[in-house]
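J.: Below is my_file31.tsv; it holds TSV, C-alpha atoms and all ligand atoms.
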```
chain	number	residue	atom	x	y	z
T	1	MET	CA	138.84	92.95	-5.28
T	2	ASP	CA	140.11	94.03	-8.71
T	3	ALA	CA	143.70	93.18	-9.58
T	4	PRO	CA	146.09	96.11	-9.16
T	5	ILE	CA	146.85	98.14	-12.26
T	6	VAL	CA	150.41	98.26	-13.55
T	7	THR	CA	151.24	100.85	-16.17
T	8	VAL	CA	153.90	100.21	-18.80
T	9	LEU	CA	155.06	103.40	-20.50
T	10	ASN	CA	157.30	103.69	-23.53
T	11	GLY	CA	159.10	106.80	-24.70
T	12	PRO	CA	160.12	108.31	-28.01
T	13	ASN	CA	160.87	106.16	-31.05
T	14	LEU	CA	159.77	102.94	-29.35
T	15	ASN	CA	156.77	102.97	-31.70
T	16	LEU	CA	159.35	102.05	-34.35
T	17	LEU	CA	160.50	98.90	-32.57
T	18	GLY	CA	161.03	95.99	-34.92
T	19	THR	CA	162.34	98.11	-37.75
T	20	ARG	CA	164.47	100.66	-35.85
T	21	GLU	CA	168.13	99.59	-35.49
T	22	PRO	CA	167.22	95.91	-35.05
T	23	ALA	CA	170.83	95.03	-34.19
T	24	VAL	CA	170.47	97.26	-31.10
T	25	TYR	CA	166.79	96.98	-30.18
T	26	GLY	CA	165.83	93.58	-31.63
T	27	THR	CA	163.11	92.61	-34.08
T	28	ALA	CA	160.09	92.48	-31.75
T	29	THR	CA	157.55	95.24	-32.36
T	30	LEU	CA	155.89	97.37	-29.69
T	31	ALA	CA	152.73	95.30	-30.29
T	32	ASP	CA	154.80	92.20	-29.47
T	33	VAL	CA	156.00	93.89	-26.26
T	34	GLU	CA	152.41	94.73	-25.33
T	35	ARG	CA	151.33	91.10	-25.91
T	36	LEU	CA	154.19	89.86	-23.72
T	37	CYS	CA	153.24	92.34	-20.99
T	38	ALA	CA	149.56	91.34	-21.23
T	39	SER	CA	150.27	87.62	-20.86
T	40	THR	CA	152.75	88.27	-18.03
T	41	CYS	CA	150.24	90.45	-16.18
T	42	ALA	CA	147.51	87.82	-16.63
T	43	GLU	CA	149.82	85.20	-15.08
T	44	LEU	CA	150.86	87.48	-12.22
T	45	GLY	CA	147.39	88.77	-11.38
T	46	LEU	CA	147.95	92.37	-12.50
T	47	ARG	CA	145.88	94.56	-14.83
T	48	LEU	CA	147.92	96.08	-17.64
T	49	GLU	CA	147.78	99.60	-19.00
T	50	PHE	CA	150.21	100.11	-21.86
T	51	ALA	CA	151.08	103.32	-23.71
T	52	GLN	CA	153.73	105.05	-25.78
T	53	SER	CA	154.45	108.72	-26.40
T	54	ASN	CA	157.01	110.48	-28.52
T	55	SER	CA	156.78	113.69	-26.49
T	56	GLU	CA	158.15	114.60	-23.09
T	57	GLY	CA	154.93	116.34	-22.04
T	58	GLY	CA	152.92	113.36	-23.23
T	59	LEU	CA	154.95	111.07	-20.98
T	60	VAL	CA	154.62	113.48	-18.03
T	61	ASP	CA	150.82	113.45	-18.55
T	62	LEU	CA	150.78	109.65	-18.67
T	63	VAL	CA	152.84	109.39	-15.47
T	64	GLN	CA	150.59	111.94	-13.73
T	65	ALA	CA	147.59	109.81	-14.71
T	66	CYS	CA	149.12	106.96	-12.65
T	67	ARG	CA	148.84	108.96	-9.40
T	68	GLY	CA	146.39	107.23	-7.10
T	69	ARG	CA	145.37	104.83	-9.87
T	70	SER	CA	148.26	102.52	-10.79
T	71	ALA	CA	150.03	100.36	-8.22
T	72	GLY	CA	153.28	100.34	-10.17
T	73	LEU	CA	155.02	101.68	-13.23
T	74	VAL	CA	157.38	100.07	-15.75
T	75	LEU	CA	159.11	102.85	-17.63
T	76	ASN	CA	161.26	102.76	-20.73
T	77	ALA	CA	161.65	106.50	-21.19
T	78	ALA	CA	164.02	105.90	-24.13
T	79	GLY	CA	165.95	109.11	-24.97
T	80	TYR	CA	164.23	111.12	-22.20
T	81	THR	CA	165.90	108.84	-19.65
T	82	HIS	CA	169.09	110.76	-20.21
T	83	THR	CA	167.66	114.29	-20.35
T	84	SER	CA	164.37	114.78	-18.53
T	85	VAL	CA	164.16	116.34	-15.07
T	86	ALA	CA	160.42	116.87	-15.72
T	87	LEU	CA	159.82	113.15	-16.19
T	88	ARG	CA	161.80	112.34	-13.06
T	89	ASP	CA	159.75	114.87	-11.09
T	90	ALA	CA	156.51	113.34	-12.40
T	91	VAL	CA	157.61	109.86	-11.30
T	92	VAL	CA	158.50	111.11	-7.80
T	93	ALA	CA	155.14	112.93	-7.58
T	94	ALA	CA	153.26	109.78	-8.64
T	95	GLU	CA	154.37	108.03	-5.42
T	96	LEU	CA	154.46	104.49	-6.77
T	97	PRO	CA	157.19	101.92	-7.40
T	98	MET	CA	158.83	102.37	-10.79
T	99	VAL	CA	161.12	99.92	-12.57
T	100	GLU	CA	163.32	101.38	-15.31
T	101	VAL	CA	163.77	99.23	-18.42
T	102	HIS	CA	166.03	99.52	-21.44
T	103	LEU	CA	166.08	96.96	-24.21
T	104	SER	CA	169.72	97.62	-25.01
T	105	ASN	CA	172.68	97.61	-22.64
T	106	VAL	CA	173.00	101.37	-22.26
T	107	HIS	CA	176.32	100.91	-20.42
T	108	ALA	CA	177.90	99.36	-23.50
T	109	ARG	CA	176.93	102.22	-25.79
T	110	GLU	CA	177.68	105.96	-26.01
T	111	GLU	CA	178.83	107.70	-22.84
T	112	PHE	CA	175.72	109.94	-22.71
T	113	ARG	CA	173.48	106.88	-22.29
T	114	ARG	CA	175.20	105.92	-19.03
T	115	HIS	CA	173.49	108.71	-17.12
T	116	SER	CA	169.85	108.26	-16.20
T	117	TYR	CA	167.62	110.76	-14.40
T	118	LEU	CA	165.50	107.79	-13.29
T	119	SER	CA	167.82	105.09	-11.93
T	120	ASP	CA	168.30	106.44	-8.42
T	121	ILE	CA	164.53	106.73	-7.87
T	122	ALA	CA	163.79	103.31	-9.40
T	123	SER	CA	162.82	100.14	-7.54
T	124	GLY	CA	164.88	98.26	-10.10
T	125	VAL	CA	166.80	98.89	-13.31
T	126	ILE	CA	166.88	96.31	-16.10
T	127	VAL	CA	169.09	96.86	-19.13
T	128	GLY	CA	170.30	94.75	-22.01
T	129	CYS	CA	167.75	91.92	-21.70
T	130	GLY	CA	165.71	92.89	-24.75
T	131	VAL	CA	161.94	92.49	-24.48
T	132	LEU	CA	162.39	90.03	-21.60
T	133	GLY	CA	163.33	93.06	-19.51
T	134	TYR	CA	159.67	94.10	-19.49
T	135	GLN	CA	158.71	90.68	-18.13
T	136	PHE	CA	161.35	90.90	-15.39
T	137	ALA	CA	160.17	94.40	-14.50
T	138	LEU	CA	156.55	93.23	-14.18
T	139	GLN	CA	157.70	90.40	-11.92
T	140	ARG	CA	159.49	92.94	-9.73
T	141	ILE	CA	156.38	95.15	-9.57
T	142	ALA	CA	154.25	92.11	-8.67
T	143	ALA	CA	156.65	91.21	-5.86
T	144	LEU	CA	156.37	94.75	-4.52
T	145	VAL	CA	152.62	95.31	-4.76
T	146	LEU	CA	150.95	91.90	-4.41
T	147	PRO	CA	150.57	90.19	-1.06
T	148	ALA	CA	153.10	87.38	-0.61
T	149	ARG	CA	151.63	83.98	-1.48
T	150	PRO	CA	152.14	81.12	0.96
T	151	ALA	CA	154.85	78.72	-0.31
U	1	LIG	C1	165.82	103.23	-25.95
U	1	LIG	C2	166.17	104.40	-26.55
U	1	LIG	O1	165.41	104.92	-27.50
U	1	LIG	C3	167.43	105.07	-26.22
U	1	LIG	O2	167.33	106.48	-26.36
U	1	LIG	C4	167.96	104.71	-24.85
U	1	LIG	C5	166.56	102.65	-24.81
U	1	LIG	C6	167.97	103.21	-24.67
U	1	LIG	C7	166.48	101.13	-24.83
U	1	LIG	O3	167.51	100.47	-24.89
U	1	LIG	O4	165.37	100.61	-24.73
U	1	LIG	O5	169.25	105.23	-24.69
```
Translate this structure into structure tokens?

T.:
Amino acid sequence: MDAPIVTVLNGPNLNLLGTREPAVYGTATLADVERLCASTCAELGLRLEFAQSNSEGGLVDLVQACRGRSAGLVLNAAGYTHTSVALRDAVVAAELPMVEVHLSNVHAREEFRRHSYLSDIASGVIVGCGVLGYQFALQRIAALVLPARPA
């Protein structure tokens, strides 16, 4: 049987990773994040799909494409985390486990970043761990969707 697909989606401005506010978001690029996700998925026995969109509708389309296809979703919705009911609705409609990731510690920043439309529907929330957060999120998805291995 084919390995389950896990989709990693990235929201607006994450295409600028590496050069955008490196003191906040680090120096790794989105291509570095994709490589880390690919090697993590290979180790875990998952198939990776990885995408980024700067638009809310683009992200909604990408989440809708997960319905009935992906076993799990890792979502860094970036700025739309704090604003988008539409994205939340798409995640609920997709009926799959979703882990919310933020590179930065959103709780140590501006007040408006403390509210997320995604956290209460997430199967995990990882903030402030930099790019490692994606790896932790993939491990969480693997634990949820792969059969337990004998010890
Ligand atoms: C990324 C963004 O672009 C912000 O809008 C979020 C998130 C935080 C991150 O830390 O990955 O507030």

J.: What are the closest atom pairs, with distances in Å to one decimal, for all residues of chain T lying within 9 Å of ligand LIG 1 (chain U)? Consider only C-alpha atoms and all ligand atoms, order rows by chain and residue number, and present the result as JSON lines.

T.:
```
{"residue": "T:Asn10", "atom": "CA", "partner": "U:LIG1", "partner_atom": "O4", "distance": 8.7}
{"residue": "T:Gly11", "atom": "CA", "partner": "U:LIG1", "partner_atom": "O1", "distance": 7.2}
{"residue": "T:Pro12", "atom": "CA", "partner": "U:LIG1", "partner_atom": "O1", "distance": 6.3}
{"residue": "T:Asn13", "atom": "CA", "partner": "U:LIG1", "partner_atom": "O1", "distance": 5.9}
{"residue": "T:Leu14", "atom": "CA", "partner": "U:LIG1", "partner_atom": "O1", "distance": 6.3}
{"residue": "T:Val24", "atom": "CA", "partner": "U:LIG1", "partner_atom": "O3", "distance": 7.6}
{"residue": "T:Tyr25", "atom": "CA", "partner": "U:LIG1", "partner_atom": "O3", "distance": 6.4}
{"residue": "T:Asn76", "atom": "CA", "partner": "U:LIG1", "partner_atom": "O4", "distance": 6.1}
{"residue": "T:Ala77", "atom": "CA", "partner": "U:LIG1", "partner_atom": "C1", "distance": 7.1}
{"residue": "T:Ala78", "atom": "CA", "partner": "U:LIG1", "partner_atom": "C2", "distance": 3.6}
{"residue": "T:Gly79", "atom": "CA", "partner": "U:LIG1", "partner_atom": "O2", "distance": 3.3}
{"residue": "T:Tyr80", "atom": "CA", "partner": "U:LIG1", "partner_atom": "O2", "distance": 7.0}
{"residue": "T:Thr81", "atom": "CA", "partner": "U:LIG1", "partner_atom": "C4", "distance": 7.0}
{"residue": "T:His82", "atom": "CA", "partner": "U:LIG1", "partner_atom": "O5", "distance": 7.1}
{"residue": "T:Val101", "atom": "CA", "partner": "U:LIG1", "partner_atom": "O4", "distance": 6.7}
{"residue": "T:His102", "atom": "CA", "partner": "U:LIG1", "partner_atom": "O4", "distance": 3.5}
{"residue": "T:Leu103", "atom": "CA", "partner": "U:LIG1", "partner_atom": "O4", "distance": 3.8}
{"residue": "T:Ser104", "atom": "CA", "partner": "U:LIG1", "partner_atom": "O3", "distance": 3.6}
{"residue": "T:Asn105", "atom": "CA", "partner": "U:LIG1", "partner_atom": "O3", "distance": 6.3}
{"residue": "T:Val106", "atom": "CA", "partner": "U:LIG1", "partner_atom": "C6", "distance": 5.9}
{"residue": "T:Arg109", "atom": "CA", "partner": "U:LIG1", "partner_atom": "O5", "distance": 8.3}
{"residue": "T:Glu110", "atom": "CA", "partner": "U:LIG1", "partner_atom": "O5", "distance": 8.6}
{"residue": "T:Phe112", "atom": "CA", "partner": "U:LIG1", "partner_atom": "O5", "distance": 8.2}
{"residue": "T:Arg113", "atom": "CA", "partner": "U:LIG1", "partner_atom": "O5", "distance": 5.1}
{"residue": "T:Arg114", "atom": "CA", "partner": "U:LIG1", "partner_atom": "O5", "distance": 8.2}
{"residue": "T:Val127", "atom": "CA", "partner": "U:LIG1", "partner_atom": "O3", "distance": 7.0}
{"residue": "T:Gly128", "atom": "CA", "partner": "U:LIG1", "partner_atom": "O3", "distance": 7.0}
{"residue": "T:Gly130", "atom": "CA", "partner": "U:LIG1", "partner_atom": "O4", "distance": 7.7}
{"residue": "T:Val131", "atom": "CA", "partner": "U:LIG1", "partner_atom": "O4", "distance": 8.8}
```

J.: Closest to Cys129 (chain T) among T:Val99, T:Gly26, T:Val85, T:Val74, using all atoms listed in the file?

T.: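 For Cys129 (chain T), the nearest of the candidates is T:Gly26.
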
J.: Report as JSON, numbers by chain all protein, DNA and RNA residues lying within 12 Å of Leu87 (chain T), evaluated on all atoms listed in the file, omitting residues in the same chain fewer than 3 positions from it.

T.: {"T": [9, 11, 55, 56, 57, 58, 59, 60, 61, 62, 63, 64, 75, 76, 77, 78, 79, 80, 81, 82, 83, 84, 90, 91, 92, 93, 94, 116, 117, 118, 121]}

J.: Rank nothing, just name the residue among T:Leu132, T:Leu48, T:Val125, T:Ala71 nearest to Val33 (chain T), using all atoms listed in the file.

T.: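 The shortest atom-to-atom distance to Val33 (chain T) comes from T:Leu132.
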
J.: Could you tell me which of T:Ala28, T:Leu73, T:Cys37, T:Ala108 comes closest to Gly124 (chain T) if we count only C-alpha atoms?

T.: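 Checking each candidate against Gly124 (chain T), we get T:Leu73 as the closest.
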
J.: How many Å separate CA of Asn54 (chain T) from CA of Thr29 (chain T)?

T.: 15.7 Å

J.: Smallest atom-to-atom distance to Leu44 (chain T): which of T:Ile5, T:Leu144, T:Leu96, T:Leu138, using all atoms listed in the file?

T.: T:Leu138

J.: Of the candidates T:Leu16, T:Ala3, T:Ala38, T:Ala86, which shows the shortest atom-to-atom distance to Gln52 (chain T), using all atoms listed in the file?

T.: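 The shortest atom-to-atom distance to Gln52 (chain T) comes from T:Leu16.
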
J.: Mind pulling up the distance from CA of Ala65 (chain T) to CA of Asp120 (chain T)?

T.: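 Separating CA of Asp120 (chain T) from CA of Ala65 (chain T) is a distance of 21.9 Å.
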
J.: CA of Pro22 (chain T) to CA of Gly133 (chain T): how many Å, to one decimal?

T.: 16.3 Å

J.: Point out the residue among T:Val6, T:Met1, T:Thr27, T:Thr19 with the least atom-to-atom distance to Val145 (chain T), counting only C-alpha atoms.

T.: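 Once distances to Val145 (chain T) are computed over only C-alpha atoms, the minimum belongs to T:Val6.
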